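Peer 1: Contents of query.txt (compact mmCIF, C-alpha atoms and all ligand atoms):
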# COMPACT_ATOMS: atom_id res chain seq x y z
CA MET A 39 -8.64 81.08 116.68
CA SER A 40 -7.12 79.56 119.81
CA ILE A 41 -4.15 77.19 119.80
CA LYS A 42 -5.13 73.59 120.51
CA LEU A 43 -1.77 71.92 120.11
CA VAL A 44 1.85 72.66 121.13
CA GLU A 45 4.09 69.66 120.42
CA ILE A 46 7.81 68.82 120.40
CA ASP A 47 9.22 66.90 117.44
CA LYS A 48 10.04 63.40 118.71
CA TYR A 49 13.13 63.32 116.46
CA ALA A 50 14.54 66.64 117.77
CA GLY A 51 17.33 66.81 120.34
CA PHE A 52 20.77 65.31 120.78
CA CYS A 53 21.99 62.64 118.38
CA PHE A 54 23.59 59.58 120.00
CA GLY A 55 27.16 60.90 119.44
CA VAL A 56 26.47 64.10 121.40
CA THR A 57 24.45 62.22 124.06
CA LYS A 58 27.41 59.89 124.58
CA ALA A 59 29.96 62.76 124.82
CA ILE A 60 27.84 64.71 127.32
CA GLY A 61 27.21 61.58 129.39
CA SER A 62 30.97 61.05 129.54
CA ALA A 63 31.57 64.70 130.60
CA GLU A 64 28.96 64.33 133.35
CA LYS A 65 30.66 61.12 134.53
CA GLU A 66 34.06 62.88 134.64
CA LEU A 67 32.48 65.77 136.56
CA SER A 68 30.84 63.53 139.15
CA GLU A 69 34.08 61.56 139.60
CA PHE A 70 36.64 64.41 139.63
CA GLY A 71 34.54 67.56 140.23
CA VAL A 72 36.20 69.16 137.20
CA ALA A 73 36.66 68.23 133.54
CA TYR A 74 38.49 69.72 130.55
CA CYS A 75 37.24 69.52 126.99
CA LEU A 76 39.23 70.53 123.90
CA GLY A 77 36.77 72.85 122.13
CA LYS A 78 33.08 73.23 122.91
CA ILE A 79 31.52 69.87 123.70
CA VAL A 80 28.32 70.84 121.86
CA HIS A 81 27.34 73.74 119.58
CA ASN A 82 24.84 75.02 122.09
CA GLN A 83 25.79 77.80 124.50
CA LYS A 84 22.91 77.07 126.90
CA GLU A 85 24.07 73.48 127.36
CA GLU A 86 27.68 74.69 127.64
CA ASN A 87 26.64 77.08 130.42
CA ARG A 88 24.87 74.26 132.28
CA LEU A 89 27.96 72.05 132.14
CA GLU A 90 30.31 74.93 133.05
CA LYS A 91 28.33 75.43 136.25
CA LEU A 92 29.04 71.76 137.07
CA GLY A 93 32.80 72.32 136.55
CA LEU A 94 33.46 71.79 132.83
CA HIS A 95 36.28 73.89 131.34
CA THR A 96 36.50 74.36 127.60
CA ILE A 97 40.11 74.83 126.53
CA ASP A 98 41.72 75.58 123.19
CA ARG A 99 44.95 74.23 121.73
CA ASP A 100 47.08 77.07 123.17
CA GLU A 101 45.69 76.49 126.68
CA MET A 102 46.30 72.76 126.30
CA GLN A 103 49.96 73.44 125.45
CA ALA A 104 50.49 76.15 128.09
CA ASN A 105 48.72 74.48 130.97
CA PRO A 106 48.08 70.80 130.19
CA PRO A 107 45.28 69.21 132.24
CA SER A 108 45.83 65.68 133.54
CA ARG A 109 42.71 64.41 131.71
CA MET A 110 41.06 65.89 128.61
CA LEU A 111 37.88 65.07 126.72
CA ILE A 112 37.85 64.88 122.95
CA ARG A 113 34.37 65.76 121.76
CA ALA A 114 32.17 63.95 119.21
CA HIS A 115 33.67 65.90 116.24
CA GLY A 116 37.02 64.16 116.72
CA GLU A 117 40.55 65.46 116.30
CA PRO A 118 43.45 65.03 113.87
CA PRO A 119 46.29 62.60 114.79
CA SER A 120 48.51 65.57 115.77
CA THR A 121 46.27 66.28 118.80
CA TYR A 122 46.79 62.75 120.14
CA ALA A 123 50.54 63.09 119.60
CA ASP A 124 50.59 66.45 121.45
CA ALA A 125 48.52 65.04 124.33
CA LYS A 126 50.89 62.09 124.67
CA ARG A 127 53.92 64.39 124.71
CA LEU A 128 52.25 66.59 127.35
CA GLY A 129 51.27 63.62 129.54
CA ILE A 130 47.52 64.19 129.12
CA THR A 131 45.16 61.22 129.50
CA ILE A 132 42.65 61.41 126.65
CA VAL A 133 38.99 60.62 127.29
CA ASP A 134 38.08 60.01 123.68
CA GLU A 135 34.44 60.78 122.88
CA THR A 136 34.88 60.96 119.12
CA CYS A 137 31.54 59.76 117.75
CA PRO A 138 31.83 56.20 116.37
CA VAL A 139 30.42 57.44 113.04
CA VAL A 140 33.16 60.10 112.77
CA LEU A 141 35.78 57.58 113.89
CA ARG A 142 34.74 55.22 111.09
CA LEU A 143 34.96 58.07 108.54
CA GLN A 144 38.41 59.10 109.80
CA GLY A 145 39.55 55.48 109.41
CA LEU A 146 38.12 55.23 105.89
CA ILE A 147 39.84 58.45 104.79
CA ALA A 148 43.16 57.40 106.38
CA LYS A 149 42.98 53.98 104.64
CA THR A 150 42.13 55.53 101.27
CA TYR A 151 44.98 58.02 101.63
CA GLN A 152 47.54 55.39 102.62
CA GLU A 153 46.52 52.77 100.06
CA ASN A 154 46.00 55.10 97.08
CA PRO A 155 48.83 57.61 96.91
CA ASP A 156 47.74 58.75 93.41
CA CYS A 157 44.16 59.46 94.47
CA ALA A 158 43.12 63.01 95.46
CA ILE A 159 40.98 63.13 98.62
CA VAL A 160 38.18 65.70 98.44
CA ILE A 161 35.99 66.45 101.47
CA PHE A 162 32.68 68.30 101.21
CA GLY A 163 32.22 70.28 104.43
CA LYS A 164 32.71 73.54 106.26
CA LYS A 165 36.29 74.81 106.12
CA GLY A 166 37.80 75.15 109.60
CA HIS A 167 35.05 73.05 111.24
CA ALA A 168 36.52 70.81 113.96
CA GLU A 169 35.30 67.60 112.34
CA VAL A 170 36.65 68.63 108.95
CA ASN A 171 40.04 69.50 110.50
CA GLY A 172 40.08 66.03 112.03
CA LEU A 173 39.31 64.46 108.64
CA VAL A 174 41.93 66.51 106.77
CA GLY A 175 44.42 65.49 109.48
CA GLN A 176 44.10 61.86 108.34
CA THR A 177 45.77 62.85 105.06
CA ASP A 178 48.72 64.84 106.44
CA GLY A 179 46.77 67.97 105.54
CA LYS A 180 46.62 67.08 101.82
CA ALA A 181 42.85 66.62 101.41
CA VAL A 182 41.03 69.40 99.54
CA VAL A 183 37.93 70.83 101.26
CA VAL A 184 35.04 72.14 99.13
CA SER A 185 32.16 73.93 100.82
CA SER A 186 29.79 74.56 97.91
CA VAL A 187 28.71 73.46 94.44
CA GLU A 188 30.44 76.58 93.05
CA GLU A 189 33.74 75.55 94.63
CA ALA A 190 33.35 72.04 93.22
CA GLU A 191 32.85 73.54 89.75
CA LYS A 192 36.14 75.44 90.08
CA LEU A 193 38.07 72.45 91.36
CA ASN A 194 41.05 71.71 89.16
CA ILE A 195 42.16 68.15 89.79
CA SER A 196 43.04 65.59 87.17
CA GLY A 197 43.08 61.86 87.87
CA LYS A 198 41.27 59.79 90.42
CA ILE A 199 39.24 61.40 93.21
CA ALA A 200 37.83 59.88 96.40
CA LEU A 201 34.97 62.08 97.63
CA PHE A 202 33.77 62.16 101.25
CA SER A 203 31.45 64.49 103.17
CA GLN A 204 31.42 65.90 106.68
CA THR A 205 28.95 63.75 108.64
CA THR A 206 26.57 66.69 109.19
CA ALA A 207 26.57 67.92 105.57
CA ASP A 208 23.35 68.51 103.63
CA PHE A 209 22.91 65.23 101.72
CA GLN A 210 21.20 66.81 98.69
CA LEU A 211 23.97 69.38 98.31
CA TYR A 212 26.56 66.65 98.67
CA MET A 213 24.94 64.72 95.83
CA GLN A 214 25.02 67.91 93.70
CA VAL A 215 28.74 68.28 94.42
CA ALA A 216 29.24 64.61 93.46
CA ASP A 217 27.40 65.20 90.16
CA VAL A 218 29.52 68.25 89.36
CA LEU A 219 32.71 66.27 89.91
CA ARG A 220 31.41 63.27 87.96
CA ASN A 221 30.71 65.57 85.03
CA LYS A 222 34.26 66.90 85.17
CA HIS A 223 36.10 63.65 85.91
CA LEU A 224 35.71 60.12 84.73
CA ASP A 225 36.99 58.57 87.91
CA VAL A 226 35.24 59.83 91.07
CA GLU A 227 34.57 57.41 93.89
CA VAL A 228 31.72 58.84 95.97
CA HIS A 229 31.47 57.70 99.58
CA GLU A 230 28.08 58.30 101.20
CA THR A 231 29.27 59.53 104.57
CA VAL A 232 26.48 61.85 105.75
CA CYS A 233 25.41 60.57 109.18
CA GLY A 234 22.08 58.73 109.26
CA SER A 235 20.96 60.88 112.24
CA VAL A 236 21.25 63.96 110.00
CA LYS A 237 20.15 62.46 106.68
CA ASN A 238 16.96 60.94 108.13
CA ARG A 239 16.09 64.10 109.99
CA VAL A 240 15.51 66.11 106.80
CA PRO A 241 12.52 64.10 105.46
CA ARG A 242 11.18 63.66 109.01
CA LEU A 243 11.47 67.38 109.69
CA LYS A 244 9.67 68.24 106.43
CA GLU A 245 6.82 65.95 107.45
CA PHE A 246 6.74 67.46 110.95
CA CYS A 247 6.71 71.10 109.72
CA ALA A 248 3.84 70.45 107.32
CA ASN A 249 1.59 69.40 110.26
CA TYR A 250 1.61 72.70 112.18
CA ASP A 251 0.51 76.28 111.55
CA VAL A 252 3.64 77.66 113.23
CA VAL A 253 7.04 76.01 113.66
CA ILE A 254 9.58 77.09 116.28
CA PHE A 255 13.10 75.85 115.60
CA VAL A 256 15.47 75.91 118.60
CA SER A 257 19.21 75.98 118.01
CA ASP A 258 22.43 77.84 118.65
CA GLU A 259 23.46 80.24 115.87
CA ALA A 260 26.86 78.46 115.78
CA SER A 261 25.40 75.06 114.86
CA SER A 262 25.83 74.34 111.12
CA ASN A 263 23.45 71.42 111.46
CA GLY A 264 20.93 73.81 113.07
CA ARG A 265 21.17 76.36 110.27
CA MET A 266 20.76 73.67 107.64
CA LEU A 267 17.72 72.14 109.40
CA TYR A 268 16.12 75.55 109.93
CA GLU A 269 16.32 76.17 106.16
CA VAL A 270 14.41 72.88 105.73
CA CYS A 271 11.71 74.21 108.10
CA ARG A 272 11.44 77.52 106.24
CA ALA A 273 11.21 75.83 102.85
CA THR A 274 8.33 73.65 104.12
CA ASN A 275 6.48 76.09 106.37
CA SER A 276 6.76 79.87 105.85
CA ARG A 277 5.70 80.47 109.47
CA SER A 278 8.92 78.95 110.84
CA TYR A 279 10.93 80.92 113.42
CA PHE A 280 14.46 80.42 114.72
CA VAL A 281 15.06 80.89 118.46
CA THR A 282 18.06 80.24 120.70
CA ASP A 283 15.85 80.00 123.81
CA ALA A 284 12.37 80.81 125.16
CA ASN A 285 13.22 84.53 125.54
CA ASP A 286 13.33 84.94 121.75
CA LEU A 287 9.64 83.96 121.33
CA ARG A 288 7.29 86.73 120.11
CA PRO A 289 3.51 86.64 120.87
CA GLU A 290 2.63 87.98 117.40
CA TRP A 291 4.10 84.85 115.73
CA PHE A 292 1.14 82.84 117.04
CA THR A 293 -1.67 85.13 115.85
CA GLY A 294 -4.41 83.12 114.17
CA ALA A 295 -2.57 79.81 114.57
CA SER A 296 -4.17 76.68 116.00
CA SER A 297 -1.09 74.46 116.27
CA VAL A 298 2.61 74.93 117.07
CA GLY A 299 5.39 72.44 116.40
CA ILE A 300 8.75 72.74 118.18
CA SER A 301 11.88 71.20 116.76
CA GLY A 302 15.64 71.63 117.09
CA ALA A 303 19.12 70.65 115.93
CA THR A 304 21.12 67.54 116.86
CA SER A 305 22.91 69.80 119.38
CA THR A 306 19.76 71.17 121.07
CA PRO A 307 19.18 69.72 124.56
CA SER A 308 15.73 68.32 125.43
CA TRP A 309 15.44 70.55 128.50
CA LEU A 310 15.71 73.62 126.22
CA LEU A 311 12.97 72.29 123.94
CA GLU A 312 10.78 71.74 127.03
CA ASP A 313 11.50 75.32 128.20
CA VAL A 314 10.42 76.70 124.83
CA LYS A 315 7.28 74.56 124.88
CA GLN A 316 6.37 75.86 128.33
CA LYS A 317 6.82 79.51 127.26
CA CYS A 318 4.81 78.88 124.05
CA CYS A 319 1.96 77.50 126.18
CA ASN A 320 2.11 80.60 128.42
CA ILE A 321 2.04 82.98 125.44
CA VAL A 322 -0.82 81.08 123.83
CA ALA A 323 -2.82 81.21 127.09
CA CYS A 324 -2.22 85.01 127.33
CA ASN A 325 -3.18 85.54 123.68
CA ASP A 326 -6.38 83.55 124.27
CA LYS A 327 -7.37 85.78 127.21
CA LYS A 328 -7.04 88.97 125.15
S1 LIG B 1 25.51 63.89 113.90
FE1 LIG B 1 25.98 61.72 113.59
S2 LIG B 1 28.19 61.69 113.29
FE2 LIG B 1 27.73 63.67 114.20
S3 LIG B 1 27.96 63.32 116.39
FE3 LIG B 1 25.82 62.97 115.92
S4 LIG B 1 25.64 60.75 115.59
FE4 LIG B 1 27.81 61.30 115.46
Reformat the file's structure so that it appears as structure tokens.
Peer 2:
Amino acid sequence: MSIKLVEIDKYAGFCFGVTKAIGSAEKELSEFGVAYCLGKIVHNQKEENRLEKLGLHTIDRDEMQANPPSRMLIRAHGEPPSTYADAKRLGITIVDETCPVVLRLQGLIAKTYQENPDCAIVIFGKKGHAEVNGLVGQTDGKAVVVSSVEEAEKLNISGKIALFSQTTADFQLYMQVADVLRNKHLDVEVHETVCGSVKNRVPRLKEFCANYDVVIFVSDEASSNGRMLYEVCRATNSRSYFVTDANDLRPEWFTGASSVGISGATSTPSWLLEDVKQKCCNIVACNDKK
């Protein structure tokens, strides 16, 4: 059987928050020839490499303190208030690219914390993730982070709870965590804070995966959104494969297939998806000649 169709998922690629942050980095680079970003601007090493070649430097907190740049980008994940205070003290001009969706969530958590001193703030997300650190920072470090249903079951809090999620959390899992807490507490206020770009992608990705014999999912290993979306692919189509770039593709994956769908995380650049598509087409053409 020869492959008739190799298509890229129209919903794959950067979400608007990442697009905006990268656009801002490119603007800084064209204006100043160099730019500094606190933490990786996107969870994709290939895109990082491209921007580094243009003059982007990724710095960590220690580098910021030791050798403060005059201007510094804050990426879409956002930062806790302490970062802004440190930057001010060090005379750094902040180019704030915190995604508006994350900014709104930070504001909501800060308001809840300030107005309800007796309410425990619980955040469902990945411990140590930059966005989660930024959210916890809105509560003077007092928010409790749970990363799984099991952790929610073990949570020992009495009284009122306000529950929030990291914007890129798995919505279904978040709802399970909410149910666990509701069953343990009478007073849990659940805030639906999973980003629409992530939440809508799951049903769309399921639909996409079901239409192809083989699915290639392109993402960086470090992207939590990528890992979550790849699991969605695998659950829908058993012939789903995870690649970080075109070099990971294997000719045997396409044996007997007549269609290939290519998708990716919210941190996967379009040029990388196009690269993978091109290589898929080359492999398919070679397989056909054999
Ligand atoms: S996934 Fe949503 S919240 Fe996160 S950066 Fe993208 S648009 Fe913003």
Peer 1: Residues up to 12 Å from ligand LIG 1 (chain B), counting only C-alpha atoms and all ligand atoms: could you list those as a ChimeraX atom specification?
Peer 2: /A:50-60,79-81,112-116,135-144,168-170,203-208,231-239,261-264,303-306
Peer 1: Smallest atom-to-atom distance to Asp283 (chain A): which of A:Gln83, A:Glu230, A:Asp156, A:Asn171, using all atoms listed in the file?
Peer 2: A:Gln83
Peer 1: For Asp100 (chain A), work out the shell of residues within 12 Å, counting only C-alpha atoms and skipping chain neighbours fewer than 4 positions away, then give it as a ChimeraX atom specification.
Peer 2: /A:76-77,96,104-106,121,124
Peer 1: Which residues come within 8 Å of region 252-256 of chain A, counting only C-alpha atoms, excluding same-chain residues fewer than 5 positions away, as a PyMOL selection string?
Peer 2: chain A and resi 247+268+271+275+277-283+291-292+295+297-303+306+310-311
Peer 1: Measure the distance from CA of Glu269 (chain A) to CA of Glu227 (chain A) in Å and round it to one decimal.
Peer 2: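 That distance, rounded to one decimal, is 28.9 Å.
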Peer 1: Neighbours of region 181-183 of chain A within 10 Å (all atoms listed in the file; same-chain residues fewer than 3 positions away dropped), as a PDB file with C-alpha atoms, in the frame of the given file?
Peer 2:
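See out.pdb below for the written result:
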ATOM      1  CA  ILE A 147      39.840  58.450 104.790  1.00  0.00           C
ATOM      2  CA  TYR A 151      44.980  58.020 101.630  1.00  0.00           C
ATOM      3  CA  ALA A 158      43.120  63.010  95.460  1.00  0.00           C
ATOM      4  CA  ILE A 159      40.980  63.130  98.620  1.00  0.00           C
ATOM      5  CA  VAL A 160      38.180  65.700  98.440  1.00  0.00           C
ATOM      6  CA  ILE A 161      35.990  66.450 101.470  1.00  0.00           C
ATOM      7  CA  PHE A 162      32.680  68.300 101.210  1.00  0.00           C
ATOM      8  CA  GLY A 163      32.220  70.280 104.430  1.00  0.00           C
ATOM      9  CA  LYS A 164      32.710  73.540 106.260  1.00  0.00           C
ATOM     10  CA  LYS A 165      36.290  74.810 106.120  1.00  0.00           C
ATOM     11  CA  GLY A 166      37.800  75.150 109.600  1.00  0.00           C
ATOM     12  CA  VAL A 170      36.650  68.630 108.950  1.00  0.00           C
ATOM     13  CA  ASN A 171      40.040  69.500 110.500  1.00  0.00           C
ATOM     14  CA  LEU A 173      39.310  64.460 108.640  1.00  0.00           C
ATOM     15  CA  VAL A 174      41.930  66.510 106.770  1.00  0.00           C
ATOM     16  CA  GLY A 175      44.420  65.490 109.480  1.00  0.00           C
ATOM     17  CA  GLN A 176      44.100  61.860 108.340  1.00  0.00           C
ATOM     18  CA  THR A 177      45.770  62.850 105.060  1.00  0.00           C
ATOM     19  CA  ASP A 178      48.720  64.840 106.440  1.00  0.00           C
ATOM     20  CA  SER A 186      29.790  74.560  97.910  1.00  0.00           C
ATOM     21  CA  GLU A 189      33.740  75.550  94.630  1.00  0.00           C
ATOM     22  CA  ALA A 190      33.350  72.040  93.220  1.00  0.00           C
ATOM     23  CA  LEU A 193      38.070  72.450  91.360  1.00  0.00           C
ATOM     24  CA  ILE A 195      42.160  68.150  89.790  1.00  0.00           C
ATOM     25  CA  ALA A 200      37.830  59.880  96.400  1.00  0.00           C
ATOM     26  CA  LEU A 201      34.970  62.080  97.630  1.00  0.00           C
ATOM     27  CA  PHE A 202      33.770  62.160 101.250  1.00  0.00           C
ATOM     28  CA  SER A 203      31.450  64.490 103.170  1.00  0.00           C
ATOM     29  CA  GLN A 204      31.420  65.900 106.680  1.00  0.00           C
TER      30      GLN A 204
END
Peer 1: What does the structure give for the distance between CA of Val215 (chain A) and CA of Asn154 (chain A), in Å to one decimal?
Peer 2: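 Between CA of Val215 (chain A) and CA of Asn154 (chain A) the gap is 21.9 Å.
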Peer 1: Would you work out the distance separating CA of Pro155 (chain A) from CA of Ile199 (chain A), expressed in Å to one decimal?
Peer 2: 11.0 Å
Peer 1: For a quick check of understanding, using all atoms listed in the file, which of A:Ser62, A:Ser108, A:Thr293, A:Ser68 has the smallest distance to Gly93 (chain A)?
Peer 2: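 Among the listed residues, A:Ser68 lies closest to Gly93 (chain A).
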Peer 1: From the options A:Val218, A:His223, A:Ile130, A:Ala123, which residue's atoms come nearest to Glu188 (chain A), counting all atoms listed in the file?
Peer 2: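 Closest to Glu188 (chain A), using all atoms listed in the file: A:Val218.
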Peer 1: Which residue is closest to Arg109 (chain A)? Choose from A:Cys157, A:Tyr74, A:Asp134, A:Leu89 and count all atoms listed in the file.
Peer 2: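 The shortest atom-to-atom distance to Arg109 (chain A) comes from A:Tyr74.
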Peer 1: Of the candidates A:Ser185, A:Glu117, A:Lys192, A:Val133, which shows the shortest atom-to-atom distance to Leu211 (chain A), using only C-alpha atoms?
Peer 2: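 For Leu211 (chain A), the nearest of the given residues is A:Ser185.
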Peer 1: In terms of the shortest atom-to-atom distance over all atoms listed in the file, which of A:Arg127, A:Lys198, A:Arg265, A:Lys315 is closest to Leu224 (chain A)?
Peer 2: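 Using all atoms listed in the file, the shortest distance to Leu224 (chain A) belongs to A:Lys198.
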Peer 1: Can you tell me, as a PyMOL selection string, what residues are no more than 12 Å from Leu67 (chain A) when counting only C-alpha atoms, ignoring any on the same chain fewer than 2 positions away?
Peer 2: chain A and resi 60-65+69-75+89-95+109-111
Peer 1: Hey, could you patch up region 110-129 of chain A with N, CA and C atoms and hand it over as an mmCIF file, in the coordinates of the input?
Peer 2:
data_model
loop_
_atom_site.group_PDB
_atom_site.id
_atom_site.type_symbol
_atom_site.label_atom_id
_atom_site.label_comp_id
_atom_site.auth_asym_id
_atom_site.auth_seq_id
_atom_site.Cartn_x
_atom_site.Cartn_y
_atom_site.Cartn_z
ATOM 1 N N MET A 110 41.706 64.967 129.563
ATOM 2 C CA MET A 110 41.060 65.890 128.610
ATOM 3 C C MET A 110 40.093 65.127 127.698
ATOM 4 N N LEU A 111 38.897 65.672 127.597
ATOM 5 C CA LEU A 111 37.880 65.070 126.720
ATOM 6 C C LEU A 111 38.081 65.498 125.274
ATOM 7 N N ILE A 112 37.946 64.542 124.376
ATOM 8 C CA ILE A 112 37.850 64.880 122.950
ATOM 9 C C ILE A 112 36.391 64.707 122.576
ATOM 10 N N ARG A 113 35.823 65.754 122.023
ATOM 11 C CA ARG A 113 34.370 65.760 121.760
ATOM 12 C C ARG A 113 33.999 64.902 120.541
ATOM 13 N N ALA A 114 32.695 64.832 120.270
ATOM 14 C CA ALA A 114 32.170 63.950 119.210
ATOM 15 C C ALA A 114 32.743 64.256 117.823
ATOM 16 N N HIS A 115 33.123 65.528 117.563
ATOM 17 C CA HIS A 115 33.670 65.900 116.240
ATOM 18 C C HIS A 115 34.982 65.210 115.906
ATOM 19 N N GLY A 116 35.717 64.792 116.949
ATOM 20 C CA GLY A 116 37.020 64.160 116.720
ATOM 21 C C GLY A 116 38.135 65.159 116.527
ATOM 22 N N GLU A 117 39.342 64.650 116.406
ATOM 23 C CA GLU A 117 40.550 65.460 116.300
ATOM 24 C C GLU A 117 41.514 64.832 115.300
ATOM 25 N N PRO A 118 42.434 65.620 114.747
ATOM 26 C CA PRO A 118 43.450 65.030 113.870
ATOM 27 C C PRO A 118 44.494 64.259 114.693
ATOM 28 N N PRO A 119 45.275 63.382 114.057
ATOM 29 C CA PRO A 119 46.290 62.600 114.790
ATOM 30 C C PRO A 119 47.265 63.477 115.571
ATOM 31 N N SER A 120 47.534 64.699 115.087
ATOM 32 C CA SER A 120 48.510 65.570 115.770
ATOM 33 C C SER A 120 48.074 65.901 117.201
ATOM 34 N N THR A 121 46.764 65.973 117.446
ATOM 35 C CA THR A 121 46.270 66.280 118.800
ATOM 36 C C THR A 121 46.622 65.144 119.765
ATOM 37 N N TYR A 122 46.470 63.902 119.288
ATOM 38 C CA TYR A 122 46.790 62.750 120.140
ATOM 39 C C TYR A 122 48.292 62.716 120.443
ATOM 40 N N ALA A 123 49.082 63.072 119.414
ATOM 41 C CA ALA A 123 50.540 63.090 119.600
ATOM 42 C C ALA A 123 50.919 64.169 120.622
ATOM 43 N N ASP A 124 50.296 65.350 120.510
ATOM 44 C CA ASP A 124 50.590 66.450 121.450
ATOM 45 C C ASP A 124 50.186 66.047 122.873
ATOM 46 N N ALA A 125 49.004 65.428 122.998
ATOM 47 C CA ALA A 125 48.520 65.040 124.330
ATOM 48 C C ALA A 125 49.466 64.034 124.966
ATOM 49 N N LYS A 126 49.965 63.110 124.157
ATOM 50 C CA LYS A 126 50.890 62.090 124.670
ATOM 51 C C LYS A 126 52.174 62.777 125.157
ATOM 52 N N ARG A 127 52.689 63.683 124.353
ATOM 53 C CA ARG A 127 53.920 64.390 124.710
ATOM 54 C C ARG A 127 53.738 65.199 125.995
ATOM 55 N N LEU A 128 52.513 65.741 126.178
ATOM 56 C CA LEU A 128 52.250 66.590 127.350
ATOM 57 C C LEU A 128 51.776 65.780 128.572
ATOM 58 N N GLY A 129 51.674 64.476 128.414
ATOM 59 C CA GLY A 129 51.270 63.620 129.540
ATOM 60 C C GLY A 129 49.789 63.720 129.885
#
